[in-house]
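Okay, so here's the structure we're looking at.
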Amino acid sequence: MTVTVHVDTTRPVATLINVFTVSPDRQDELIRLLVHATEETMRHQPGFVCANFHASIDGERVINYAQWETEEHYRAMLANPEARVHMDEAAKIATDVQPRLFQVRSTHSTSGRRREPRTPPTPPRS
């Protein structure tokens, strides 16, 4: 089975890549929590586009690849008390959490089509 993620480069989005370090025996627990948080809270926040969760083969990392319409939408979610509860729970399971915002600059696929964003990128605010 082939599973692919389509990254839309026709509009600018704020891309969150959050790397969680976790004990291998708690990796599944963390993913269940993140999926629940996304279904119950995150996807209902203004500006939410998508979220994907990746589990490392060694069990020591979980990566959350998510997109928000704008950085402002992402920052508003961070300030939301309901969302904060889920993030605090995830931080209790993980031994380290490293969220960063990114801009999509280029995408490539087996179709041979290379896609670039239409608008020139602007540096994200720290």
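The chains in the structure tokens are called A, B, ... from first to last as shown; in each chain the residues are counted from 1, and the ligands are counted from 1 in the order shown.
Backbone DSSP over segment 52-93 of chain A yields helix (DSSP H, G or I) at Glu71, Glu72, His73, Tyr74, Arg75, Ala76, Met77, Leu78, Ala79, Pro81, Glu82, Ala83, Arg84, Val85, His86, Met87, Asp88, Glu89, Ala90, Ala91, Lys92 and Ile93 of chain A.
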- Query: Can you list, as a list in words, every protein, DNA or RNA residue that comes within 12 Å of segment 75-81 of chain A when you count only C-alpha atoms, leaving out same-chain residues fewer than 6 positions away?
  - Reply: Ala14, Leu16, Thr38, Thr41, Met42, Arg43, His44, Gln45, Pro46, Gly47, Phe48, Gln67, Trp68, Glu69, Met87, Asp88, Pro99, Arg100, Leu101, Arg125 and Ser126 of chain A
- Task: State, in Å with one decimal place, the distance from atom CA of His54 of chain A to atom CA of Arg84 of chain A.
- Result: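 Those two atoms sit 21.3 Å apart.
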- Distance of atom CA of Ser109 of chain A from atom CA of Asn18 of chain A, expressed in Å to one decimal place: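 Spanning atom CA of Asn18 of chain A to atom CA of Ser109 of chain A is a straight-line distance of 23.2 Å.
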From a backbone DSSP assignment, name each residue in segment 47-102 of chain A labelled strand (DSSP E or B), as a compact mmCIF listing (two decimals) with all heavy atoms, in the first residue's frame.
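out13.txt was written with the following content:
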```txt
# COMPACT_ATOMS: atom_id res chain seq x y z
N PHE A 48 -6.52 25.67 11.00
CA PHE A 48 -5.93 24.33 10.93
C PHE A 48 -6.05 23.79 9.51
O PHE A 48 -7.10 23.89 8.89
CB PHE A 48 -6.65 23.39 11.92
CG PHE A 48 -6.17 21.97 11.84
CD1 PHE A 48 -5.04 21.57 12.52
CD2 PHE A 48 -6.85 21.02 11.08
CE1 PHE A 48 -4.59 20.25 12.46
CE2 PHE A 48 -6.42 19.71 11.01
CZ PHE A 48 -5.28 19.32 11.70
N VAL A 49 -4.98 23.22 8.98
CA VAL A 49 -4.99 22.62 7.64
C VAL A 49 -4.87 21.10 7.75
O VAL A 49 -5.72 20.38 7.22
CB VAL A 49 -3.85 23.18 6.75
CG1 VAL A 49 -3.79 22.47 5.41
CG2 VAL A 49 -4.01 24.70 6.58
N CYS A 50 -3.82 20.61 8.40
CA CYS A 50 -3.63 19.16 8.49
C CYS A 50 -2.63 18.82 9.57
O CYS A 50 -1.89 19.68 10.03
CB CYS A 50 -3.15 18.59 7.15
SG CYS A 50 -1.48 19.12 6.69
N ALA A 51 -2.62 17.55 9.96
CA ALA A 51 -1.61 17.04 10.90
C ALA A 51 -1.29 15.61 10.52
O ALA A 51 -2.17 14.84 10.13
CB ALA A 51 -2.11 17.12 12.33
N ASN A 52 -0.03 15.26 10.63
CA ASN A 52 0.45 13.90 10.37
C ASN A 52 1.40 13.53 11.49
O ASN A 52 2.17 14.36 11.96
CB ASN A 52 1.23 13.85 9.04
CG ASN A 52 0.38 14.29 7.87
OD1 ASN A 52 -0.35 13.51 7.32
ND2 ASN A 52 0.48 15.56 7.52
N PHE A 53 1.36 12.27 11.90
CA PHE A 53 2.24 11.79 12.97
C PHE A 53 3.09 10.66 12.45
O PHE A 53 2.59 9.73 11.84
CB PHE A 53 1.40 11.37 14.19
CG PHE A 53 0.50 12.47 14.66
CD1 PHE A 53 -0.85 12.45 14.38
CD2 PHE A 53 1.02 13.57 15.32
CE1 PHE A 53 -1.67 13.49 14.77
CE2 PHE A 53 0.21 14.62 15.72
CZ PHE A 53 -1.15 14.57 15.44
N HIS A 54 4.38 10.75 12.74
CA HIS A 54 5.35 9.77 12.26
C HIS A 54 6.05 9.16 13.48
O HIS A 54 6.50 9.90 14.36
CB HIS A 54 6.38 10.43 11.35
CG HIS A 54 5.75 11.18 10.22
ND1 HIS A 54 5.61 10.63 8.97
CD2 HIS A 54 5.22 12.43 10.15
CE1 HIS A 54 5.02 11.52 8.17
NE2 HIS A 54 4.78 12.61 8.87
N ALA A 55 6.17 7.84 13.50
CA ALA A 55 6.83 7.13 14.58
C ALA A 55 8.16 6.59 14.07
O ALA A 55 8.19 5.88 13.05
CB ALA A 55 5.96 5.99 15.08
N ARG A 61 11.38 8.48 18.79
CA ARG A 61 10.93 9.78 18.31
C ARG A 61 9.51 9.67 17.75
O ARG A 61 9.12 8.66 17.19
CB ARG A 61 11.81 10.33 17.19
CG ARG A 61 13.27 10.51 17.52
CD ARG A 61 13.54 11.76 18.35
NE ARG A 61 14.95 12.02 18.52
CZ ARG A 61 15.77 11.32 19.30
NH1 ARG A 61 15.34 10.28 19.96
NH2 ARG A 61 17.04 11.65 19.43
N VAL A 62 8.79 10.77 17.89
CA VAL A 62 7.52 10.98 17.21
C VAL A 62 7.64 12.34 16.56
O VAL A 62 8.07 13.31 17.20
CB VAL A 62 6.32 10.94 18.18
CG1 VAL A 62 5.04 11.38 17.48
CG2 VAL A 62 6.16 9.55 18.79
N ILE A 63 7.27 12.41 15.30
CA ILE A 63 7.31 13.70 14.60
C ILE A 63 5.88 14.08 14.21
O ILE A 63 5.15 13.28 13.63
CB ILE A 63 8.22 13.65 13.36
CG1 ILE A 63 9.66 13.43 13.82
CG2 ILE A 63 8.09 14.94 12.55
CD1 ILE A 63 10.67 13.36 12.73
N ASN A 64 5.52 15.28 14.58
CA ASN A 64 4.24 15.86 14.18
C ASN A 64 4.54 16.84 13.06
O ASN A 64 5.25 17.83 13.26
CB ASN A 64 3.61 16.57 15.38
CG ASN A 64 2.36 17.35 15.02
OD1 ASN A 64 1.82 17.24 13.94
ND2 ASN A 64 1.90 18.15 15.96
N TYR A 65 4.01 16.54 11.87
CA TYR A 65 4.13 17.44 10.72
C TYR A 65 2.73 18.01 10.52
O TYR A 65 1.81 17.28 10.17
CB TYR A 65 4.58 16.66 9.48
CG TYR A 65 4.69 17.50 8.24
CD1 TYR A 65 5.90 18.07 7.87
CD2 TYR A 65 3.59 17.74 7.42
CE1 TYR A 65 6.01 18.85 6.72
CE2 TYR A 65 3.69 18.51 6.28
CZ TYR A 65 4.90 19.06 5.93
OH TYR A 65 5.01 19.83 4.80
N ALA A 66 2.56 19.29 10.82
CA ALA A 66 1.23 19.91 10.74
C ALA A 66 1.33 21.22 9.98
O ALA A 66 2.40 21.83 9.91
CB ALA A 66 0.68 20.15 12.14
N GLN A 67 0.19 21.65 9.44
CA GLN A 67 0.17 22.92 8.73
C GLN A 67 -1.01 23.76 9.20
O GLN A 67 -2.10 23.23 9.47
CB GLN A 67 0.12 22.71 7.22
CG GLN A 67 1.42 22.12 6.71
CD GLN A 67 1.46 22.02 5.20
OE1 GLN A 67 0.49 21.61 4.58
NE2 GLN A 67 2.59 22.36 4.64
N TRP A 68 -0.73 25.05 9.28
CA TRP A 68 -1.72 26.06 9.65
C TRP A 68 -1.76 27.09 8.54
O TRP A 68 -0.75 27.34 7.87
CB TRP A 68 -1.32 26.71 10.98
CG TRP A 68 -1.36 25.71 12.09
CD1 TRP A 68 -0.37 24.85 12.44
CD2 TRP A 68 -2.46 25.42 12.93
NE1 TRP A 68 -0.79 24.05 13.47
CE2 TRP A 68 -2.07 24.38 13.79
CE3 TRP A 68 -3.74 25.95 13.06
CZ2 TRP A 68 -2.91 23.85 14.76
CZ3 TRP A 68 -4.58 25.43 14.03
CH2 TRP A 68 -4.16 24.40 14.87
N ASP A 96 11.57 15.21 25.66
CA ASP A 96 12.01 16.45 25.02
C ASP A 96 11.01 16.77 23.91
O ASP A 96 10.50 15.87 23.25
CB ASP A 96 13.41 16.28 24.42
CG ASP A 96 13.98 17.59 23.90
OD1 ASP A 96 13.80 18.64 24.56
OD2 ASP A 96 14.61 17.59 22.83
N VAL A 97 10.71 18.05 23.74
CA VAL A 97 9.78 18.50 22.71
C VAL A 97 10.43 19.67 22.00
O VAL A 97 10.85 20.63 22.64
CB VAL A 97 8.42 18.94 23.32
CG1 VAL A 97 7.46 19.38 22.24
CG2 VAL A 97 7.82 17.83 24.18
N GLN A 98 10.53 19.59 20.65
CA GLN A 98 11.19 20.65 19.88
C GLN A 98 10.32 21.10 18.70
O GLN A 98 10.52 20.66 17.56
CB GLN A 98 12.54 20.16 19.37
CG GLN A 98 13.50 19.86 20.49
CD GLN A 98 14.88 19.50 19.96
OE1 GLN A 98 15.21 19.73 18.80
NE2 GLN A 98 15.70 18.93 20.82
N PRO A 99 9.36 22.00 18.96
CA PRO A 99 8.54 22.53 17.86
C PRO A 99 9.25 23.65 17.12
O PRO A 99 9.90 24.49 17.73
CB PRO A 99 7.30 23.05 18.59
CG PRO A 99 7.80 23.43 19.95
CD PRO A 99 8.94 22.49 20.26
N ARG A 100 9.13 23.64 15.80
CA ARG A 100 9.68 24.71 14.96
C ARG A 100 8.72 24.96 13.80
O ARG A 100 8.13 24.03 13.25
CB ARG A 100 11.04 24.33 14.36
CG ARG A 100 12.13 24.04 15.35
CD ARG A 100 12.65 25.32 16.02
NE ARG A 100 13.80 25.06 16.87
CZ ARG A 100 13.74 24.65 18.12
NH1 ARG A 100 12.60 24.40 18.68
NH2 ARG A 100 14.84 24.47 18.83
N LEU A 101 8.59 26.22 13.39
CA LEU A 101 7.81 26.58 12.20
C LEU A 101 8.72 26.65 10.99
O LEU A 101 9.85 27.15 11.08
CB LEU A 101 7.10 27.91 12.38
CG LEU A 101 5.87 27.91 13.27
CD1 LEU A 101 5.27 29.32 13.33
CD2 LEU A 101 4.83 26.93 12.79
N PHE A 102 8.21 26.17 9.87
CA PHE A 102 8.96 26.15 8.61
C PHE A 102 8.09 26.67 7.48
O PHE A 102 6.86 26.73 7.60
CB PHE A 102 9.40 24.72 8.26
CG PHE A 102 10.37 24.13 9.25
CD1 PHE A 102 9.93 23.52 10.41
CD2 PHE A 102 11.74 24.19 9.00
CE1 PHE A 102 10.83 22.97 11.31
CE2 PHE A 102 12.65 23.64 9.90
CZ PHE A 102 12.19 23.03 11.06
```
- Message: Show me, as an MDAnalysis selection string, the residues that have an atom within 12 Å of Ile57 of chain A when counting only C-alpha atoms, minus same-chain residues fewer than 6 positions from it.
- Response: chainID A and resid 24 27:28 63
